[in-house]
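Raw contents of model03.txt, compact mmCIF, N, CA and C atoms:
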# COMPACT_ATOMS: atom_id res chain seq x y z
N MET A 1 65.85 31.86 -29.54
CA MET A 1 64.74 31.08 -30.03
C MET A 1 64.88 29.62 -29.59
N ARG A 2 66.10 29.09 -29.68
CA ARG A 2 66.29 27.69 -29.30
C ARG A 2 66.13 27.48 -27.80
N SER A 3 66.51 28.46 -26.99
CA SER A 3 66.34 28.31 -25.55
C SER A 3 64.85 28.31 -25.19
N ARG A 4 64.06 29.10 -25.91
CA ARG A 4 62.61 29.10 -25.69
C ARG A 4 62.02 27.75 -26.09
N PHE A 5 62.52 27.17 -27.18
CA PHE A 5 62.05 25.86 -27.62
C PHE A 5 62.40 24.80 -26.57
N LYS A 6 63.58 24.90 -25.98
CA LYS A 6 63.97 23.94 -24.94
C LYS A 6 63.08 24.07 -23.71
N ARG A 7 62.75 25.30 -23.33
CA ARG A 7 61.87 25.51 -22.17
C ARG A 7 60.48 24.93 -22.43
N VAL A 8 59.95 25.15 -23.62
CA VAL A 8 58.63 24.62 -23.96
C VAL A 8 58.67 23.10 -24.01
N SER A 9 59.75 22.54 -24.53
CA SER A 9 59.89 21.08 -24.58
C SER A 9 59.95 20.49 -23.18
N LYS A 10 60.69 21.15 -22.30
CA LYS A 10 60.78 20.67 -20.91
C LYS A 10 59.42 20.76 -20.23
N PHE A 11 58.68 21.83 -20.48
CA PHE A 11 57.35 21.99 -19.91
C PHE A 11 56.42 20.86 -20.36
N SER A 12 56.44 20.55 -21.65
CA SER A 12 55.60 19.47 -22.18
C SER A 12 56.01 18.13 -21.59
N PHE A 13 57.31 17.91 -21.46
CA PHE A 13 57.80 16.66 -20.88
C PHE A 13 57.38 16.53 -19.43
N ILE A 14 57.43 17.62 -18.67
CA ILE A 14 57.02 17.59 -17.26
C ILE A 14 55.53 17.29 -17.15
N CYS A 15 54.70 17.91 -17.98
CA CYS A 15 53.26 17.64 -17.96
C CYS A 15 52.98 16.17 -18.26
N LEU A 16 53.65 15.65 -19.27
CA LEU A 16 53.42 14.26 -19.65
C LEU A 16 53.92 13.30 -18.57
N SER A 17 55.07 13.57 -17.98
CA SER A 17 55.60 12.66 -16.96
C SER A 17 54.76 12.71 -15.68
N VAL A 18 54.25 13.88 -15.29
CA VAL A 18 53.37 13.97 -14.12
C VAL A 18 52.08 13.19 -14.39
N LEU A 19 51.55 13.28 -15.59
CA LEU A 19 50.34 12.54 -15.94
C LEU A 19 50.58 11.03 -15.86
N ILE A 20 51.70 10.57 -16.37
CA ILE A 20 52.03 9.14 -16.34
C ILE A 20 52.23 8.67 -14.90
N ILE A 21 52.97 9.43 -14.10
CA ILE A 21 53.22 9.04 -12.71
C ILE A 21 51.91 9.00 -11.92
N ALA A 22 51.06 10.01 -12.10
CA ALA A 22 49.78 10.03 -11.39
C ALA A 22 48.90 8.85 -11.81
N SER A 23 48.94 8.50 -13.08
CA SER A 23 48.16 7.34 -13.54
C SER A 23 48.69 6.04 -12.96
N LEU A 24 50.01 5.93 -12.86
CA LEU A 24 50.59 4.73 -12.26
C LEU A 24 50.24 4.62 -10.78
N ILE A 25 50.28 5.74 -10.08
CA ILE A 25 49.89 5.74 -8.66
C ILE A 25 48.42 5.35 -8.51
N ASP A 26 47.58 5.91 -9.37
CA ASP A 26 46.16 5.60 -9.31
C ASP A 26 45.89 4.13 -9.59
N SER A 27 46.55 3.59 -10.60
CA SER A 27 46.30 2.18 -10.92
C SER A 27 46.84 1.25 -9.83
N SER A 28 47.98 1.59 -9.25
CA SER A 28 48.50 0.74 -8.17
C SER A 28 47.62 0.83 -6.93
N LEU A 29 47.09 2.02 -6.63
CA LEU A 29 46.14 2.13 -5.51
C LEU A 29 44.87 1.34 -5.78
N SER A 30 44.40 1.36 -7.02
CA SER A 30 43.19 0.61 -7.37
C SER A 30 43.40 -0.89 -7.26
N ILE A 31 44.61 -1.34 -7.53
CA ILE A 31 44.91 -2.77 -7.41
C ILE A 31 45.07 -3.16 -5.94
N LEU A 32 45.80 -2.37 -5.19
CA LEU A 32 46.11 -2.73 -3.81
C LEU A 32 44.96 -2.47 -2.84
N LEU A 33 44.27 -1.34 -3.01
CA LEU A 33 43.19 -0.95 -2.10
C LEU A 33 41.94 -0.57 -2.89
N PRO A 34 41.25 -1.54 -3.50
CA PRO A 34 40.15 -1.18 -4.40
C PRO A 34 38.93 -0.57 -3.71
N THR A 35 38.71 -0.86 -2.43
CA THR A 35 37.51 -0.35 -1.77
C THR A 35 37.81 0.79 -0.81
N CYS A 36 39.04 1.25 -0.77
CA CYS A 36 39.42 2.34 0.12
C CYS A 36 38.80 3.66 -0.38
N THR A 37 38.31 4.45 0.55
CA THR A 37 37.67 5.73 0.20
C THR A 37 38.66 6.68 -0.45
N PHE A 38 39.90 6.71 0.05
CA PHE A 38 40.91 7.58 -0.54
C PHE A 38 41.18 7.22 -1.99
N THR A 39 41.21 5.93 -2.30
CA THR A 39 41.45 5.49 -3.68
C THR A 39 40.33 5.97 -4.60
N ILE A 40 39.12 5.87 -4.13
CA ILE A 40 37.98 6.29 -4.96
C ILE A 40 38.02 7.80 -5.19
N PHE A 41 38.28 8.57 -4.14
CA PHE A 41 38.34 10.02 -4.30
C PHE A 41 39.54 10.45 -5.14
N PHE A 42 40.68 9.79 -4.98
CA PHE A 42 41.86 10.12 -5.78
C PHE A 42 41.59 9.82 -7.25
N ASP A 43 40.92 8.71 -7.53
CA ASP A 43 40.59 8.37 -8.91
C ASP A 43 39.66 9.42 -9.53
N LYS A 44 38.66 9.83 -8.79
CA LYS A 44 37.74 10.85 -9.31
C LYS A 44 38.45 12.20 -9.49
N PHE A 45 39.29 12.56 -8.52
CA PHE A 45 40.03 13.81 -8.61
C PHE A 45 40.98 13.81 -9.79
N LEU A 46 41.64 12.68 -10.01
CA LEU A 46 42.58 12.58 -11.12
C LEU A 46 41.85 12.64 -12.45
N SER A 47 40.75 11.92 -12.56
CA SER A 47 40.08 11.85 -13.86
C SER A 47 39.28 13.10 -14.20
N THR A 48 38.82 13.83 -13.19
CA THR A 48 38.01 15.02 -13.50
C THR A 48 38.77 16.33 -13.31
N GLY A 49 39.86 16.34 -12.57
CA GLY A 49 40.54 17.60 -12.29
C GLY A 49 41.93 17.70 -12.87
N ILE A 50 42.76 16.76 -12.56
CA ILE A 50 44.18 16.87 -12.90
C ILE A 50 44.46 16.46 -14.34
N SER A 51 43.95 15.31 -14.75
CA SER A 51 44.27 14.80 -16.10
C SER A 51 43.86 15.74 -17.22
N PRO A 52 42.64 16.29 -17.21
CA PRO A 52 42.30 17.22 -18.30
C PRO A 52 43.19 18.45 -18.35
N LEU A 53 43.56 18.97 -17.18
CA LEU A 53 44.46 20.13 -17.16
C LEU A 53 45.83 19.79 -17.72
N LEU A 54 46.38 18.63 -17.31
CA LEU A 54 47.69 18.24 -17.79
C LEU A 54 47.68 17.97 -19.29
N ILE A 55 46.62 17.35 -19.78
CA ILE A 55 46.52 17.10 -21.21
C ILE A 55 46.40 18.41 -21.98
N PHE A 56 45.61 19.35 -21.45
CA PHE A 56 45.48 20.67 -22.09
C PHE A 56 46.83 21.38 -22.15
N PHE A 57 47.56 21.42 -21.01
CA PHE A 57 48.85 22.11 -21.00
C PHE A 57 49.90 21.39 -21.85
N PHE A 58 49.82 20.06 -21.93
CA PHE A 58 50.73 19.32 -22.80
C PHE A 58 50.47 19.70 -24.26
N GLY A 59 49.19 19.75 -24.65
CA GLY A 59 48.86 20.14 -26.02
C GLY A 59 49.25 21.58 -26.31
N LEU A 60 49.07 22.46 -25.33
CA LEU A 60 49.47 23.85 -25.48
C LEU A 60 50.98 23.96 -25.69
N GLY A 61 51.73 23.20 -24.90
CA GLY A 61 53.19 23.21 -25.05
C GLY A 61 53.63 22.66 -26.40
N MET A 62 52.95 21.62 -26.87
CA MET A 62 53.31 21.05 -28.17
C MET A 62 53.01 22.03 -29.29
N SER A 63 51.88 22.73 -29.22
CA SER A 63 51.57 23.69 -30.28
C SER A 63 52.54 24.86 -30.26
N GLU A 64 52.94 25.33 -29.06
CA GLU A 64 53.94 26.39 -28.97
C GLU A 64 55.28 25.91 -29.53
N GLY A 65 55.62 24.66 -29.24
CA GLY A 65 56.86 24.10 -29.78
C GLY A 65 56.84 24.06 -31.30
N ASP A 66 55.69 23.72 -31.89
CA ASP A 66 55.57 23.71 -33.35
C ASP A 66 55.72 25.11 -33.92
N LYS A 67 55.12 26.11 -33.26
CA LYS A 67 55.25 27.49 -33.73
C LYS A 67 56.70 27.94 -33.70
N ILE A 68 57.39 27.63 -32.61
CA ILE A 68 58.80 28.03 -32.47
C ILE A 68 59.64 27.31 -33.51
N ASN A 69 59.36 26.03 -33.72
CA ASN A 69 60.12 25.26 -34.70
C ASN A 69 59.91 25.81 -36.11
N ASP A 70 58.69 26.23 -36.41
CA ASP A 70 58.43 26.84 -37.72
C ASP A 70 59.20 28.16 -37.88
N GLU A 71 59.29 28.96 -36.80
CA GLU A 71 60.03 30.21 -36.88
C GLU A 71 61.52 29.96 -37.05
N ILE A 72 62.03 28.92 -36.43
CA ILE A 72 63.46 28.59 -36.54
C ILE A 72 63.78 28.14 -37.96
N ASN A 73 62.91 27.37 -38.58
CA ASN A 73 63.18 26.80 -39.89
C ASN A 73 62.88 27.75 -41.05
N LYS A 74 62.41 28.96 -40.77
CA LYS A 74 62.15 29.92 -41.86
C LYS A 74 63.42 30.43 -42.46

Using structure tokens, write down the structure that the file contains.
Amino acid sequence: MRSRFKRVSKFSFICLSVLIIASLIDSSLSILLPTCTFTIFFDKFLSTGISPLLIFFFGLGMSEGDKINDEINK
């Protein structure tokens, strides 16, 4: 049970860290190259495609972690 909790925790941490890193890359590109076509497309791709998926999977991992934690504490 605890190994499953560790795997779910690592999954949630990876989702959150990828989201933070992608946001930092996007903001630095927006500062350095504000009118570049790649920056605009990357911003749209991140905000409409990647970020919602990562937030969904992060929430899914957190809810699974809560379920496992409740089973451990019974």

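The interatomic distance for the pair atom C of Lys6 of chain A and atom N of Ala22 of chain A works out to 21.8 Å.
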
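The space between atom CA of Thr39 of chain A and atom CA of Phe13 of chain A spans 26.2 Å.
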
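Proximity to segment 56-65 of chain A at 8 Å, evaluated using all atoms listed in the file and with sequence-adjacent residues fewer than 3 positions away removed, yields A:Arg4, A:Phe5, A:Lys6, A:Arg7, A:Val8, A:Ser9, A:Phe11, A:Ser12, A:Phe13, A:Ile14, A:Cys15, A:Leu16, A:Ile50, A:Ser51, A:Pro52, A:Leu53, A:Ile68, A:Asn69, A:Asp70, A:Glu71.
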
Please produce a file of the residues just selected, as a PDB file, in the coordinates of the input, where the atoms kept are N, CA and C atoms.
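The new file part.pdb reads:
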ATOM      1  N   ARG A   4      64.060  29.100 -25.910  1.00  0.00           N
ATOM      2  CA  ARG A   4      62.610  29.100 -25.690  1.00  0.00           C
ATOM      3  C   ARG A   4      62.020  27.750 -26.090  1.00  0.00           C
ATOM      4  N   PHE A   5      62.520  27.170 -27.180  1.00  0.00           N
ATOM      5  CA  PHE A   5      62.050  25.860 -27.620  1.00  0.00           C
ATOM      6  C   PHE A   5      62.400  24.800 -26.570  1.00  0.00           C
ATOM      7  N   LYS A   6      63.580  24.900 -25.980  1.00  0.00           N
ATOM      8  CA  LYS A   6      63.970  23.940 -24.940  1.00  0.00           C
ATOM      9  C   LYS A   6      63.080  24.070 -23.710  1.00  0.00           C
ATOM     10  N   ARG A   7      62.750  25.300 -23.330  1.00  0.00           N
ATOM     11  CA  ARG A   7      61.870  25.510 -22.170  1.00  0.00           C
ATOM     12  C   ARG A   7      60.480  24.930 -22.430  1.00  0.00           C
ATOM     13  N   VAL A   8      59.950  25.150 -23.620  1.00  0.00           N
ATOM     14  CA  VAL A   8      58.630  24.620 -23.960  1.00  0.00           C
ATOM     15  C   VAL A   8      58.670  23.100 -24.010  1.00  0.00           C
ATOM     16  N   SER A   9      59.750  22.540 -24.530  1.00  0.00           N
ATOM     17  CA  SER A   9      59.890  21.080 -24.580  1.00  0.00           C
ATOM     18  C   SER A   9      59.950  20.490 -23.180  1.00  0.00           C
ATOM     19  N   PHE A  11      58.680  21.830 -20.480  1.00  0.00           N
ATOM     20  CA  PHE A  11      57.350  21.990 -19.910  1.00  0.00           C
ATOM     21  C   PHE A  11      56.420  20.860 -20.360  1.00  0.00           C
ATOM     22  N   SER A  12      56.440  20.550 -21.650  1.00  0.00           N
ATOM     23  CA  SER A  12      55.600  19.470 -22.180  1.00  0.00           C
ATOM     24  C   SER A  12      56.010  18.130 -21.590  1.00  0.00           C
ATOM     25  N   PHE A  13      57.310  17.910 -21.460  1.00  0.00           N
ATOM     26  CA  PHE A  13      57.800  16.660 -20.880  1.00  0.00           C
ATOM     27  C   PHE A  13      57.380  16.530 -19.430  1.00  0.00           C
ATOM     28  N   ILE A  14      57.430  17.620 -18.670  1.00  0.00           N
ATOM     29  CA  ILE A  14      57.020  17.590 -17.260  1.00  0.00           C
ATOM     30  C   ILE A  14      55.530  17.290 -17.150  1.00  0.00           C
ATOM     31  N   CYS A  15      54.700  17.910 -17.980  1.00  0.00           N
ATOM     32  CA  CYS A  15      53.260  17.640 -17.960  1.00  0.00           C
ATOM     33  C   CYS A  15      52.980  16.170 -18.260  1.00  0.00           C
ATOM     34  N   LEU A  16      53.650  15.650 -19.270  1.00  0.00           N
ATOM     35  CA  LEU A  16      53.420  14.260 -19.650  1.00  0.00           C
ATOM     36  C   LEU A  16      53.920  13.300 -18.570  1.00  0.00           C
ATOM     37  N   ILE A  50      42.760  16.760 -12.560  1.00  0.00           N
ATOM     38  CA  ILE A  50      44.180  16.870 -12.900  1.00  0.00           C
ATOM     39  C   ILE A  50      44.460  16.460 -14.340  1.00  0.00           C
ATOM     40  N   SER A  51      43.950  15.310 -14.750  1.00  0.00           N
ATOM     41  CA  SER A  51      44.270  14.800 -16.100  1.00  0.00           C
ATOM     42  C   SER A  51      43.860  15.740 -17.220  1.00  0.00           C
ATOM     43  N   PRO A  52      42.640  16.290 -17.210  1.00  0.00           N
ATOM     44  CA  PRO A  52      42.300  17.220 -18.300  1.00  0.00           C
ATOM     45  C   PRO A  52      43.190  18.450 -18.350  1.00  0.00           C
ATOM     46  N   LEU A  53      43.560  18.970 -17.180  1.00  0.00           N
ATOM     47  CA  LEU A  53      44.460  20.130 -17.160  1.00  0.00           C
ATOM     48  C   LEU A  53      45.830  19.790 -17.720  1.00  0.00           C
ATOM     49  N   ILE A  68      57.390  27.630 -32.610  1.00  0.00           N
ATOM     50  CA  ILE A  68      58.800  28.030 -32.470  1.00  0.00           C
ATOM     51  C   ILE A  68      59.640  27.310 -33.510  1.00  0.00           C
ATOM     52  N   ASN A  69      59.360  26.030 -33.720  1.00  0.00           N
ATOM     53  CA  ASN A  69      60.120  25.260 -34.700  1.00  0.00           C
ATOM     54  C   ASN A  69      59.910  25.810 -36.110  1.00  0.00           C
ATOM     55  N   ASP A  70      58.690  26.230 -36.410  1.00  0.00           N
ATOM     56  CA  ASP A  70      58.430  26.840 -37.720  1.00  0.00           C
ATOM     57  C   ASP A  70      59.200  28.160 -37.880  1.00  0.00           C
ATOM     58  N   GLU A  71      59.290  28.960 -36.800  1.00  0.00           N
ATOM     59  CA  GLU A  71      60.030  30.210 -36.880  1.00  0.00           C
ATOM     60  C   GLU A  71      61.520  29.960 -37.050  1.00  0.00           C
TER      61      GLU A  71
END

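Nearest residue to Val18 of chain A among A:Thr37, A:Arg2, A:Leu54, A:Ser47 is A:Leu54, counting only N, CA and C atoms.
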
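Atom CA of Ile55 of chain A is found 25.6 Å from atom CA of Pro34 of chain A.
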
Looking only at the backbone, which of the residues in chain A does DSSP tag as alpha helix (DSSP H), as a PyMOL selection string?
chain A and resi 2-32+37-45+51-72

Segment 61-72 of chain A: axis-aligned bounding box, 3 Å on each side, centre and edge lengths in Å, one decimal, as lines of an AutoDock Vina configuration file:
center_x = 57.7
center_y = 25.6
center_z = -31.4
size_x = 18.2
size_y = 15.2
size_z = 19.1
